[in-house]
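Novice: Input: one structure, supplied below.
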Amino acid sequence: MTILNHKIDFAVVFSVTKANPNGDPLNGNRPRQNYDGHGEISDVAIKRKIRNRLQDMGESIFVQSNDRNTDEYKSLRERAEANAELAKIMKAKDGSNEAFAKLACEEWIDVRSFGQVFAFKGGADKGVSVGVRGPVSIHTATSIAPIDITSMQITKSVNSEPGKDKGSDTMGMKHRVDYGVYVCKGSINTQLAEKTGFTIEDADKIKEVLVTLFENDASSARPDGSMEVIKVYWWEHQSKLGQYSSAKVHRSLTVTANKEEPKTFEDYTITLNELEGLKVEVLDGQ
């Protein structure tokens with residue numbers, strides 16, 4: 001395995017149709033919006049989808065969601081302690097934080113990609129507190145145009161216990177984005193890749209995942225087909241620091257709405273201004 005030796009920038013353009021891409025729990029689970037009315041999807045939500053897709057590919061994931069748990073462990077501590085070498089360091093009074101971080105990065109692809117904070121209490125002078133910085137950084141995804149949110153009142157049936165009268169239905173609300181095109185940007189840093197052991201093969205897996213980001217991600221809020229990856233842009237620099245800053249690379253891609261209220265992807269235009277000496281790979285969503 002070859003440690004990543006060149007900087008990478010990427011961008012994902014995707015659409016949302018009659019779905020709630022990322023509800024805000026502090027706002028009645030309405031789709032997230034900024035003060036200008038543009039839709040947002042948190043970097044945490046994007047990373048969760050990347051982890052899920054990597055897990056679908058058979059990769060070892062440390063931070064698993066409850067509905068995708070592929071082992072018998074119910075907590076992060078249990079999963080960490082299942083590794084005999086990590087458990088030994090956690091129990092040692094003079095355990096090495098660097099050795100713990102190295103083993104964790106070798107064990108789980110999401111740790112060596114995104115980093116992780118390990119903070120587990122122990123007995124007297126025992127336990128572990130280790131922070132790992134990952135090379136893969138993800139921006140908050142933002143819609144190109146302000147989004148329209150439709151709210152629908154629904155009824156929730158409450159099943160009563162056997163032998164008792166049926167419980168009364170309760171009222172609830174569902175919210176959705178009628179249509180929106182979002183852009184998510186990210187980068188992979190070589191200095192941090194060297195520290196976590198992030199390889200060129202790992203980068204290729206991230207690229208493969210981005211193309212199919214919303215596969216196997218269906219839910220009541222996001223029905224199958226309601227979220228679609230349109231394009232993935234993948235820039236591989238020729239050096240560790242890169243020929244251009246990530247900001248300049250990301251600015252070379254512009255997505256604009258041709259109408260005041262765009263309703264389909266045909267109402268948008270994608271413009272890519274290629275930078276001299278920096279090749280970009282453009283992949284269609286699947």
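Ligands are numbered from 1 in the order shown, residues from 1 within each chain, and chains are lettered A, B, ... in the order they appear in the structure tokens.
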Residues at most 9 Å from region 102-107 of chain A, counting only C-alpha atoms, excluding those fewer than 6 positions away in the same chain, as a CSV table (one decimal) with N, CA, C and O atoms, in the first residue's frame?
Specialist:
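New file out26.csv:
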chain,number,residue,atom,x,y,z
A,60,SER,N,-13.8,-1.9,7.1
A,60,SER,CA,-14.0,-1.9,8.6
A,60,SER,C,-14.2,-0.5,9.0
A,60,SER,O,-13.4,0.4,8.8
A,61,ILE,N,-15.3,-0.2,9.7
A,61,ILE,CA,-15.8,1.1,10.1
A,61,ILE,C,-15.8,1.2,11.6
A,61,ILE,O,-16.4,0.3,12.2
A,62,PHE,N,-15.3,2.2,12.2
A,62,PHE,CA,-15.3,2.4,13.7
A,62,PHE,C,-16.6,3.0,14.1
A,62,PHE,O,-17.3,2.5,15.0
A,80,ALA,N,-13.5,-0.7,20.3
A,80,ALA,CA,-12.1,-0.5,20.5
A,80,ALA,C,-11.4,-1.6,21.3
A,80,ALA,O,-10.3,-2.1,21.0
A,83,ASN,N,-10.2,-5.0,20.0
A,83,ASN,CA,-8.8,-5.1,19.4
A,83,ASN,C,-7.9,-5.3,20.6
A,83,ASN,O,-7.7,-4.5,21.5
A,85,GLU,N,-4.7,-5.4,21.1
A,85,GLU,CA,-3.6,-4.4,21.3
A,85,GLU,C,-4.1,-3.1,21.8
A,85,GLU,O,-3.4,-2.5,22.7
A,86,LEU,N,-5.2,-2.6,21.3
A,86,LEU,CA,-5.8,-1.4,21.7
A,86,LEU,C,-6.2,-1.5,23.2
A,86,LEU,O,-6.0,-0.6,24.0
A,113,SER,N,-9.3,8.2,7.7
A,113,SER,CA,-9.8,9.2,6.7
A,113,SER,C,-10.2,10.5,7.3
A,113,SER,O,-9.7,11.5,6.9
A,115,GLY,N,-10.4,11.0,10.9
A,115,GLY,CA,-9.9,11.2,12.2
A,115,GLY,C,-10.9,10.8,13.2
A,115,GLY,O,-12.0,10.4,12.9
A,132,VAL,N,-7.1,12.0,16.8
A,132,VAL,CA,-6.5,11.7,15.5
A,132,VAL,C,-7.1,12.7,14.5
A,132,VAL,O,-8.3,12.8,14.4
A,195,LYS,N,0.5,10.8,8.4
A,195,LYS,CA,0.3,10.5,9.9
A,195,LYS,C,-0.6,9.4,10.2
A,195,LYS,O,-0.4,8.6,11.1
A,196,THR,N,-1.7,9.3,9.4
A,196,THR,CA,-2.7,8.3,9.6
A,196,THR,C,-2.5,7.0,8.8
A,196,THR,O,-3.2,6.0,9.0
A,197,GLY,N,-1.6,7.1,7.8
A,197,GLY,CA,-1.4,5.9,6.9
A,197,GLY,C,-2.5,5.8,5.8
A,197,GLY,O,-2.7,4.8,5.3
A,198,PHE,N,-3.1,7.0,5.5
A,198,PHE,CA,-4.1,7.0,4.4
A,198,PHE,C,-3.4,6.8,3.1
A,198,PHE,O,-2.4,7.5,2.7
Novice: With region 228-252 of chain A as the partner and 7 Å as the cut-off, tabulate the residues of region 193-221 of chain A that qualify, each row holding the nearest pair of atoms and their distance in Å to one decimal, using only C-alpha atoms, sorted by chain and rising number, as CSV.
Specialist:
residue,atom,partner,partner_atom,distance
A:Val211,CA,A:Val232,CA,6.4
A:Thr212,CA,A:Val229,CA,6.9
A:Leu213,CA,A:Val229,CA,7.0
A:Phe214,CA,A:Glu228,CA,6.7
Novice: What are the DSSP alpha helix (DSSP H) residues of region 45-280 of chain A, as a PyMOL selection string?
Specialist: chain A and resi 45-56+76-81+84-91+97-107+109-114+190-196+200-211+246-251
Novice: Next, the residues of the selection above should be written as a PDB file, in the first residue's frame with C-alpha atoms.
Specialist:
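And here is the file that came out, selection-v6.pdb:
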ATOM      1  CA  ALA A  45     -24.275  13.921   7.487  1.00  0.00           C
ATOM      2  CA  ILE A  46     -22.096  13.610   4.369  1.00  0.00           C
ATOM      3  CA  LYS A  47     -19.429  11.702   6.302  1.00  0.00           C
ATOM      4  CA  ARG A  48     -22.118   9.371   7.671  1.00  0.00           C
ATOM      5  CA  LYS A  49     -23.156   8.511   4.113  1.00  0.00           C
ATOM      6  CA  ILE A  50     -19.534   7.945   3.097  1.00  0.00           C
ATOM      7  CA  ARG A  51     -19.017   5.641   6.078  1.00  0.00           C
ATOM      8  CA  ASN A  52     -22.161   3.699   5.174  1.00  0.00           C
ATOM      9  CA  ARG A  53     -21.055   3.227   1.588  1.00  0.00           C
ATOM     10  CA  LEU A  54     -17.569   2.120   2.675  1.00  0.00           C
ATOM     11  CA  GLN A  55     -19.242  -0.331   5.035  1.00  0.00           C
ATOM     12  CA  ASP A  56     -21.337  -1.634   2.115  1.00  0.00           C
ATOM     13  CA  LEU A  76     -17.365   2.650  20.509  1.00  0.00           C
ATOM     14  CA  ARG A  77     -15.501   1.568  23.627  1.00  0.00           C
ATOM     15  CA  GLU A  78     -16.527  -2.058  23.144  1.00  0.00           C
ATOM     16  CA  ARG A  79     -15.421  -1.928  19.514  1.00  0.00           C
ATOM     17  CA  ALA A  80     -12.053  -0.468  20.500  1.00  0.00           C
ATOM     18  CA  GLU A  81     -11.523  -2.977  23.311  1.00  0.00           C
ATOM     19  CA  ALA A  84      -6.427  -6.852  21.860  1.00  0.00           C
ATOM     20  CA  GLU A  85      -3.564  -4.419  21.252  1.00  0.00           C
ATOM     21  CA  LEU A  86      -5.773  -1.361  21.745  1.00  0.00           C
ATOM     22  CA  ALA A  87      -7.289  -2.873  24.884  1.00  0.00           C
ATOM     23  CA  LYS A  88      -3.781  -3.462  26.265  1.00  0.00           C
ATOM     24  CA  ILE A  89      -2.857   0.196  25.752  1.00  0.00           C
ATOM     25  CA  MET A  90      -6.132   1.357  27.319  1.00  0.00           C
ATOM     26  CA  LYS A  91      -5.433  -0.683  30.456  1.00  0.00           C
ATOM     27  CA  ASN A  97      -1.135   7.689  22.648  1.00  0.00           C
ATOM     28  CA  GLU A  98       0.856   7.495  19.413  1.00  0.00           C
ATOM     29  CA  ALA A  99       0.783   3.692  19.430  1.00  0.00           C
ATOM     30  CA  PHE A 100      -2.972   3.750  20.088  1.00  0.00           C
ATOM     31  CA  ALA A 101      -3.594   6.177  17.204  1.00  0.00           C
ATOM     32  CA  LYS A 102      -1.422   4.132  14.826  1.00  0.00           C
ATOM     33  CA  LEU A 103      -3.263   0.889  15.607  1.00  0.00           C
ATOM     34  CA  ALA A 104      -6.679   2.553  15.307  1.00  0.00           C
ATOM     35  CA  CYS A 105      -5.781   4.018  11.907  1.00  0.00           C
ATOM     36  CA  GLU A 106      -4.612   0.637  10.681  1.00  0.00           C
ATOM     37  CA  GLU A 107      -7.829  -1.031  11.900  1.00  0.00           C
ATOM     38  CA  ILE A 109     -10.660   3.258   7.318  1.00  0.00           C
ATOM     39  CA  ASP A 110     -12.927   6.005   8.686  1.00  0.00           C
ATOM     40  CA  VAL A 111     -10.420   6.772  11.459  1.00  0.00           C
ATOM     41  CA  ARG A 112      -7.512   7.170   9.051  1.00  0.00           C
ATOM     42  CA  SER A 113      -9.763   9.155   6.675  1.00  0.00           C
ATOM     43  CA  PHE A 114     -11.720  11.560   8.904  1.00  0.00           C
ATOM     44  CA  THR A 190      -0.994  14.647   2.252  1.00  0.00           C
ATOM     45  CA  GLN A 191       0.674  15.713   5.516  1.00  0.00           C
ATOM     46  CA  LEU A 192      -2.167  14.244   7.549  1.00  0.00           C
ATOM     47  CA  ALA A 193      -2.321  11.214   5.231  1.00  0.00           C
ATOM     48  CA  GLU A 194       1.266  10.415   6.201  1.00  0.00           C
ATOM     49  CA  LYS A 195       0.349  10.546   9.878  1.00  0.00           C
ATOM     50  CA  THR A 196      -2.722   8.287   9.624  1.00  0.00           C
ATOM     51  CA  ILE A 200      -3.735   5.996  -2.613  1.00  0.00           C
ATOM     52  CA  GLU A 201      -5.999   2.926  -2.512  1.00  0.00           C
ATOM     53  CA  ASP A 202      -8.048   4.575   0.257  1.00  0.00           C
ATOM     54  CA  ALA A 203      -8.422   7.707  -1.903  1.00  0.00           C
ATOM     55  CA  ASP A 204      -9.693   5.580  -4.790  1.00  0.00           C
ATOM     56  CA  LYS A 205     -12.297   4.055  -2.470  1.00  0.00           C
ATOM     57  CA  ILE A 206     -13.458   7.525  -1.406  1.00  0.00           C
ATOM     58  CA  LYS A 207     -13.814   8.494  -5.078  1.00  0.00           C
ATOM     59  CA  GLU A 208     -15.812   5.339  -5.812  1.00  0.00           C
ATOM     60  CA  VAL A 209     -18.086   6.015  -2.844  1.00  0.00           C
ATOM     61  CA  LEU A 210     -18.813   9.607  -3.897  1.00  0.00           C
ATOM     62  CA  VAL A 211     -20.175   8.426  -7.253  1.00  0.00           C
ATOM     63  CA  SER A 246      -8.120  24.221  -2.578  1.00  0.00           C
ATOM     64  CA  ALA A 247     -10.134  27.440  -2.644  1.00  0.00           C
ATOM     65  CA  LYS A 248      -8.935  28.263  -6.166  1.00  0.00           C
ATOM     66  CA  VAL A 249      -9.575  24.714  -7.363  1.00  0.00           C
ATOM     67  CA  HIS A 250     -13.101  24.712  -5.952  1.00  0.00           C
ATOM     68  CA  ARG A 251     -13.796  28.141  -7.503  1.00  0.00           C
TER      69      ARG A 251
END
Novice: Please identify which residues in region 8-216 of chain A DSSP calls strand (DSSP E or B) from the backbone, and express them as a PyMOL selection string.
Specialist: chain A and resi 8-19+23-24+30-31+33+38-41+115-121+127-133+136-138+141-146+149-156+170-188+199
Novice: One decimal, in Å: what's the spacing between CA of Val117 (chain A) and CA of Ala92 (chain A)?
Specialist: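 One can read the CA of Val117 (chain A) to CA of Ala92 (chain A) distance as 18.7 Å.
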Novice: For region 89-151 of chain A against region 21-39 of chain A, with a cut-off of 8 Å and counting only C-alpha atoms, what is the closest atom pair and its distance in Å to one decimal for every residue that makes the cut, ordered by chain and number, as a tab-separated table?
Specialist:
residue	atom	partner	partner_atom	distance
A:Thr142	CA	A:Gly39	CA	5.6
A:Ser143	CA	A:Gly39	CA	5.0
A:Ile144	CA	A:His38	CA	7.1
A:Ala145	CA	A:His38	CA	6.0
A:Pro146	CA	A:His38	CA	4.0
A:Ile147	CA	A:His38	CA	5.7
A:Ile149	CA	A:Pro31	CA	7.4
